[in-house]
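Here is the file structure-v3.txt (compact mmCIF, C-alpha atoms (C1' of nucleotides)).
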# COMPACT_ATOMS: atom_id res chain seq x y z
CA MET F 1 37.92 115.65 165.33
CA ARG F 2 37.51 112.20 166.85
CA LEU F 3 40.49 109.84 166.57
CA VAL F 4 40.56 106.15 167.47
CA THR F 5 43.35 103.60 167.88
CA TRP F 6 42.35 99.95 168.00
CA ASN F 7 44.31 96.72 167.85
CA ILE F 8 41.58 94.80 166.04
CA ASN F 9 43.27 91.34 166.06
CA SER F 10 42.17 90.49 162.49
CA VAL F 11 40.08 93.09 160.70
CA ARG F 12 38.22 90.43 158.70
CA ALA F 13 37.11 88.62 161.84
CA ARG F 14 35.85 91.89 163.32
CA LEU F 15 33.89 93.71 160.61
CA GLY F 16 30.65 93.52 162.59
CA HIS F 17 32.41 95.08 165.56
CA VAL F 18 33.71 97.89 163.38
CA ASP F 19 30.19 98.63 162.08
CA HIS F 20 28.80 98.76 165.59
CA PHE F 21 31.66 100.87 166.86
CA VAL F 22 31.42 103.43 164.04
CA GLU F 23 27.64 103.69 164.40
CA THR F 24 28.01 104.23 168.14
CA HIS F 25 31.00 106.57 168.27
CA ASN F 26 31.18 108.17 164.81
CA PRO F 27 34.96 108.59 164.62
CA ASP F 28 36.64 110.71 161.94
CA ILE F 29 39.84 108.69 161.89
CA ILE F 30 40.54 105.09 162.95
CA CYS F 31 44.02 103.60 163.23
CA PHE F 32 44.12 99.82 163.33
CA GLN F 33 46.88 97.41 164.29
CA GLU F 34 47.10 93.65 163.72
CA THR F 35 44.87 93.72 160.67
CA LYS F 36 46.40 90.35 159.66
CA VAL F 37 45.55 90.69 155.99
CA THR F 38 47.41 91.53 152.80
CA ASP F 39 46.48 94.77 151.03
CA ASN F 40 44.81 93.01 148.10
CA GLU F 41 42.57 91.01 150.48
CA PHE F 42 41.66 94.00 152.67
CA PRO F 43 37.85 94.44 153.05
CA LEU F 44 37.90 98.04 151.81
CA LYS F 45 34.24 98.14 150.82
CA ALA F 46 33.11 97.77 154.42
CA PHE F 47 34.96 100.98 155.21
CA THR F 48 33.91 103.07 152.21
CA LYS F 49 30.34 102.08 153.10
CA LEU F 50 30.91 103.60 156.54
CA GLY F 51 32.02 106.89 154.98
CA PHE F 52 35.80 106.57 155.21
CA GLU F 53 36.86 107.84 151.82
CA HIS F 54 40.53 108.13 152.65
CA TYR F 55 42.72 105.25 153.69
CA ALA F 56 46.25 103.94 153.92
CA ILE F 57 46.88 100.25 154.48
CA ALA F 58 50.01 98.16 154.98
CA GLY F 59 49.38 94.51 155.73
CA GLN F 60 50.89 91.09 155.53
CA LYS F 61 49.54 87.59 155.73
CA SER F 62 48.65 86.28 159.22
CA TYR F 63 50.74 88.67 161.26
CA ASN F 64 50.95 92.37 161.96
CA GLY F 65 49.44 94.93 159.61
CA VAL F 66 48.39 98.55 160.20
CA ALA F 67 45.71 100.69 158.56
CA ILE F 68 44.36 104.24 158.77
CA PHE F 69 40.79 105.12 157.70
CA SER F 70 39.71 108.73 157.61
CA LYS F 71 36.88 111.04 156.65
CA ILE F 72 39.46 113.83 156.43
CA PRO F 73 41.82 113.88 153.43
CA PHE F 74 45.51 113.16 153.89
CA THR F 75 48.60 112.21 151.98
CA LYS F 76 50.55 109.08 152.86
CA ASN F 77 54.20 109.43 153.84
CA ASP F 78 57.10 107.09 153.26
CA THR F 79 58.13 105.14 156.34
CA PRO F 80 61.44 103.49 157.21
CA LEU F 81 62.19 99.78 157.30
CA TRP F 82 62.20 99.33 161.04
CA CYS F 83 64.97 96.93 162.05
CA GLY F 84 65.48 96.31 158.35
CA LYS F 85 62.19 94.41 158.11
CA ASP F 86 59.20 95.22 155.95
CA ASP F 87 56.83 93.79 158.53
CA LYS F 88 54.03 96.36 158.31
CA ARG F 89 54.18 97.95 161.73
CA HIS F 90 54.04 101.65 160.87
CA LEU F 91 51.98 104.02 158.75
CA SER F 92 52.24 107.77 158.61
CA VAL F 93 49.97 110.33 156.95
CA THR F 94 49.82 114.12 156.82
CA PHE F 95 46.57 116.15 156.89
CA GLU F 96 46.05 119.40 155.01
CA ASN F 97 46.77 121.54 158.08
CA GLY F 98 50.17 119.89 158.47
CA THR F 99 49.30 117.56 161.35
CA GLU F 100 51.17 114.29 160.93
CA LEU F 101 49.68 111.06 162.27
CA HIS F 102 51.80 107.99 163.06
CA ASN F 103 50.25 104.59 163.64
CA PHE F 104 52.58 102.00 165.22
CA TYR F 105 52.46 98.34 166.11
CA VAL F 106 55.53 97.70 168.25
CA PRO F 107 56.67 94.03 168.40
CA ALA F 108 55.13 92.11 171.28
CA GLY F 109 58.46 90.69 172.35
CA GLY F 110 57.74 87.05 173.19
CA ASP F 111 57.76 85.61 176.67
CA ILE F 112 61.30 85.78 178.04
CA PRO F 113 62.42 89.32 178.90
CA ASP F 114 66.05 88.75 177.93
CA PRO F 115 67.43 89.85 174.55
CA GLU F 116 70.21 87.24 174.78
CA GLN F 117 67.77 84.36 175.10
CA ASN F 118 64.87 85.73 173.11
CA ASP F 119 65.20 87.21 169.61
CA LYS F 120 61.70 88.65 169.78
CA PHE F 121 62.56 90.64 172.88
CA ALA F 122 65.78 91.83 171.22
CA HIS F 123 63.70 92.91 168.20
CA LYS F 124 61.28 94.83 170.42
CA LEU F 125 64.09 96.74 172.14
CA SER F 126 65.83 97.50 168.83
CA PHE F 127 62.56 98.69 167.34
CA MET F 128 62.05 101.11 170.24
CA LYS F 129 65.65 102.35 169.99
CA GLU F 130 65.15 103.08 166.30
CA MET F 131 61.94 104.98 167.08
CA THR F 132 63.87 107.12 169.57
CA ALA F 133 66.60 107.93 167.06
CA TRP F 134 64.11 108.57 164.25
CA PHE F 135 61.97 111.04 166.20
CA ALA F 136 65.04 112.74 167.70
CA GLU F 137 66.32 113.28 164.15
CA LYS F 138 62.96 114.62 163.06
CA LYS F 139 62.43 116.90 166.07
CA LYS F 140 61.34 120.50 165.55
CA ASP F 141 59.51 122.66 168.07
CA ASP F 142 56.60 123.38 165.74
CA ASN F 143 56.08 119.77 164.54
CA LYS F 144 52.41 118.89 164.98
CA LEU F 145 52.60 115.13 165.46
CA ILE F 146 50.18 112.55 166.81
CA LEU F 147 51.48 109.06 167.60
CA VAL F 148 49.04 106.25 168.29
CA GLY F 149 49.11 102.52 168.39
CA ASP F 150 49.74 99.31 170.21
CA LEU F 151 53.15 100.04 171.70
CA ASN F 152 53.06 96.81 173.72
CA VAL F 153 54.47 98.51 176.81
CA ALA F 154 52.48 99.48 179.90
CA PRO F 155 54.78 102.13 181.40
CA CYS F 156 53.08 103.33 184.59
CA GLU F 157 52.57 101.34 187.78
CA ASN F 158 48.82 101.61 187.40
CA ASP F 159 48.89 100.65 183.73
CA VAL F 160 48.92 97.03 184.95
CA TRP F 161 46.85 95.10 187.45
CA SER F 162 49.88 94.39 189.63
CA HIS F 163 53.06 96.40 189.19
CA LYS F 164 54.97 94.06 191.47
CA GLN F 165 53.82 90.85 189.84
CA LEU F 166 54.48 92.08 186.32
CA LEU F 167 57.99 93.46 186.77
CA LYS F 168 59.46 90.41 185.01
CA ILE F 169 56.61 90.04 182.54
CA VAL F 170 57.18 91.29 179.00
CA SER F 171 55.33 94.62 178.50
CA HIS F 172 56.09 95.96 181.99
CA THR F 173 59.79 95.20 182.58
CA PRO F 174 61.99 98.14 183.64
CA ILE F 175 64.07 97.96 180.44
CA GLU F 176 60.99 98.25 178.23
CA VAL F 177 59.61 101.09 180.35
CA ALA F 178 62.99 102.87 180.05
CA HIS F 179 63.02 102.39 176.27
CA LEU F 180 59.49 103.77 176.01
CA GLY F 181 60.58 106.72 178.16
CA ASP F 182 63.40 107.36 175.69
CA ILE F 183 60.95 107.47 172.80
CA MET F 184 58.77 109.91 174.74
CA ALA F 185 61.76 112.12 175.48
CA SER F 186 62.88 112.08 171.83
CA HIS F 187 60.18 114.56 170.79
CA ASP F 188 58.86 115.68 174.20
CA TRP F 189 55.77 113.57 173.61
CA ILE F 190 52.72 114.10 175.83
CA ASP F 191 50.82 111.03 177.04
CA VAL F 192 47.23 112.02 176.22
CA MET F 193 45.57 109.08 177.99
CA ARG F 194 47.35 109.84 181.25
CA HIS F 195 46.59 113.56 180.83
CA PHE F 196 42.92 112.69 181.23
CA VAL F 197 43.34 109.83 183.71
CA PRO F 198 46.42 110.59 185.81
CA GLU F 199 48.18 108.10 188.06
CA PRO F 200 47.38 106.46 190.41
CA GLU F 201 44.04 105.76 188.71
CA ARG F 202 44.06 102.40 186.94
CA LEU F 203 43.94 102.61 183.16
CA TYR F 204 43.95 99.57 180.86
CA SER F 205 43.29 98.94 177.17
CA TRP F 206 44.02 95.18 176.92
CA TRP F 207 42.70 92.17 178.79
CA SER F 208 43.83 88.60 178.14
CA TYR F 209 41.47 86.20 176.43
CA ARG F 210 42.45 83.65 179.03
CA SER F 211 40.48 84.81 181.99
CA ARG F 212 37.00 83.43 182.46
CA ASP F 213 35.56 86.82 183.22
CA TRP F 214 37.83 89.64 181.99
CA LYS F 215 35.66 92.33 183.58
CA LYS F 216 35.44 90.68 186.97
CA SER F 217 39.13 89.74 187.29
CA ASN F 218 40.14 93.03 185.54
CA LYS F 219 43.76 91.95 185.09
CA GLY F 220 44.40 94.43 182.32
CA ARG F 221 47.30 96.38 180.91
CA ARG F 222 47.55 99.72 179.08
CA LEU F 223 49.38 98.66 175.92
CA ASP F 224 47.72 101.16 173.58
CA HIS F 225 48.73 104.79 173.50
CA VAL F 226 47.91 108.22 172.12
CA TRP F 227 50.69 110.79 172.24
CA ILE F 228 51.01 114.34 170.90
CA THR F 229 53.92 116.74 170.50
CA PRO F 230 53.99 120.03 172.47
CA ALA F 231 52.78 121.99 169.40
CA LEU F 232 49.41 120.21 169.86
CA GLU F 233 49.24 120.62 173.64
CA GLY F 234 45.76 121.55 174.78
CA THR F 235 43.98 120.30 171.64
CA PRO F 236 42.70 116.98 173.10
CA THR F 237 39.34 117.56 174.81
CA ALA F 238 38.32 114.06 175.92
CA MET F 239 39.56 110.47 176.10
CA MET F 240 37.74 107.19 176.55
CA VAL F 241 38.58 103.49 176.47
CA ASP F 242 35.58 101.72 174.94
CA LEU F 243 35.06 98.84 177.34
CA GLU F 244 31.82 97.94 175.62
CA ALA F 245 33.78 96.80 172.55
CA ARG F 246 35.86 94.44 174.72
CA ASP F 247 32.66 93.00 176.20
CA ARG F 248 30.98 92.01 172.95
CA GLU F 249 30.78 88.55 171.41
CA LYS F 250 34.16 87.43 170.01
CA PRO F 251 35.98 90.68 170.68
CA SER F 252 39.54 91.74 170.09
CA ASP F 253 41.58 91.45 173.27
CA HIS F 254 42.27 95.21 172.95
CA ALA F 255 39.65 97.89 173.46
CA PRO F 256 39.48 100.96 171.18
CA VAL F 257 40.91 104.17 172.62
CA ILE F 258 38.98 107.27 171.58
CA VAL F 259 40.39 110.81 171.76
CA ASP F 260 38.54 113.98 170.78
CA PHE F 261 40.57 116.94 169.53
CA ASP F 262 39.73 120.57 169.13
CA LEU F 263 41.41 120.46 165.74
CA ALA F 264 40.21 120.70 162.16
CA PRO F 265 42.82 118.88 160.14
C1' DA C 1 51.05 85.40 186.15
C1' DT C 2 47.39 82.87 185.93
C1' DG C 3 45.16 79.93 182.99
C1' DC C 4 44.63 77.85 178.54
C1' DC C 5 41.59 81.72 174.65
C1' DG C 6 41.66 83.38 169.87
C1' DT C 7 43.38 84.11 164.94
C1' DA C 8 45.55 82.38 160.99
C1' DT C 9 47.47 78.86 157.99
C1' DG C 10 48.77 74.97 151.47
C1' DA C 11 45.83 73.61 158.85
C1' DT C 12 43.39 68.60 161.94
C1' DA C 13 49.11 70.89 164.67
C1' DT C 14 51.63 74.92 165.14
C1' DA C 15 53.06 79.87 165.55
C1' DC C 16 51.90 83.83 167.69
C1' DG C 17 49.78 87.05 170.71
C1' DA C 18 51.29 89.43 175.98

As structure tokens, how would this structure be written, given the file I've shared?
Amino acid sequence: MRLVTWNINSVRARLGHVDHFVETHNPDIICFQETKVTDNEFPLKAFTKLGFEHYAIAGQKSYNGVAIFSKIPFTKNDTPLWCGKDDKRHLSVTFENGTELHNFYVPAGGDIPDPEQNDKFAHKLSFMKEMTAWFAEKKKDDNKLILVGDLNVAPCENDVWSHKQLLKIVSHTPIEVAHLGDIMASHDWIDVMRHFVPEPERLYSWWSYRSRDWKKSNKGRRLDHVWITPALEGTPTAMMVDLEARDREKPSDHAPVIVDFDLAP
DNA sequence: ATGCCGTATGATATACGA
């Protein structure tokens, strides 16, 4: 089973990229973030044409939005109102073998890394705290869970181009890294990307639009994640960040992360 | 942190991304 997480930065602006990606990598399941489209405007036909018969979408106008497309059947689960907002940042589905997939888009958090001065940063921290409490509440040793998405935190030193220079930059501040660590501890989550590419190797999934040559400057960050619970330990067989997608004409600023599992959900 | 791009919107300026 091949699973993908991809912050697409507008699904409608990126349909050609999706076609190319699916033809090249033939995923079974794709989780998108930042679809930026309401459910009634979602370009579903493009996905059924690609063979994704099963889907769950939760979007809003302009901002946010998550979606799951799958060739494997699932049932959609109810999800909480994170921070009391219905802002379309989480989808959860369960496959027939009981594996539960969670697709998250954690708030970006704005520019100033101080919850007193910046409501967006306060929202990000609260969102992560709620995730910790929610998964702690849900925890059972035999839970087969996969969590993917744009978590907007690059936790390891080599998840960013300069650990030292980004310590006060939102996405790599110690408080965010600690909050992400709390979520990981809440269900003993395993970081699948770092299982395949351990520190101190550099590992990024996002590069700013603002550099002239993203590949040459390579000032990236690992904001996208794939985690599994211990009940699924050993099932991932390969991981790849698709740099080619980031290098195409008018790309998303995030690259797709591909993980292969020895699983038949 | 540098550098200033990209998406979306009752748009031609502004919010947001990170």

Shell around region 1-15 of chain C at 10 Å using all atoms listed in the file, local window under 6 positions removed, as a PyMOL selection string
chain F and resi 9-10+13+36-37+61-63+162+165-166+168-169+208-212+219+250-253

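Comparing the minimum interatomic distances between chain C and each of F:Glu41, F:Asp119, F:Asp213, F:Asp111, counting all atoms listed in the file, we find that F:Asp111 sits nearest.
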
Selected residue of minimal separation from chain C among F:Ser171, F:Gln33, F:Thr48, F:Thr24, counting all atoms listed in the file:
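Of F:Ser171, F:Gln33, F:Thr48, F:Thr24, the one nearest chain C is F:Ser171, counting all atoms listed in the file.
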
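Take CA of Pro230 (chain F) and CA of Leu243 (chain F): the distance between them is 28.8 Å.
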
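With CA of Val259 (chain F) on one side and CA of His25 (chain F) on the other, the separation reads 10.9 Å.
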
Point (45.8, 99.1, 165.6), cut-off 12 Å, counting all atoms listed in the file, residues as an MDAnalysis selection string:
chainID F and resid 4:11 29:36 57:59 64:69 88:91 102:106 147:152 205 223:226 252:257

Coordinates of box centre and edge lengths for region 57-69 of chain F, 4 Å on every side, axis-aligned, as lines of an AutoDock Vina configuration file:
center_x = 45.9
center_y = 95.7
center_z = 158.2
size_x = 18.2
size_y = 26.8
size_z = 15.5

To one decimal place in Å, what is the distance between CA of Phe135 (chain F) and CA of Thr229 (chain F)?
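These two atoms are separated by 10.8 Å.
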
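For the set F:His179, F:Lys216, F:Lys138, F:His195, the residue with the smallest atom-to-atom gap to Gly234 (chain F) is F:His195, counting all atoms listed in the file.
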
Nearest residue to Lys71 (chain F) out of F:Asp87, F:Asp28, F:Glu96, F:Glu199, using all atoms listed in the file?
F:Asp28
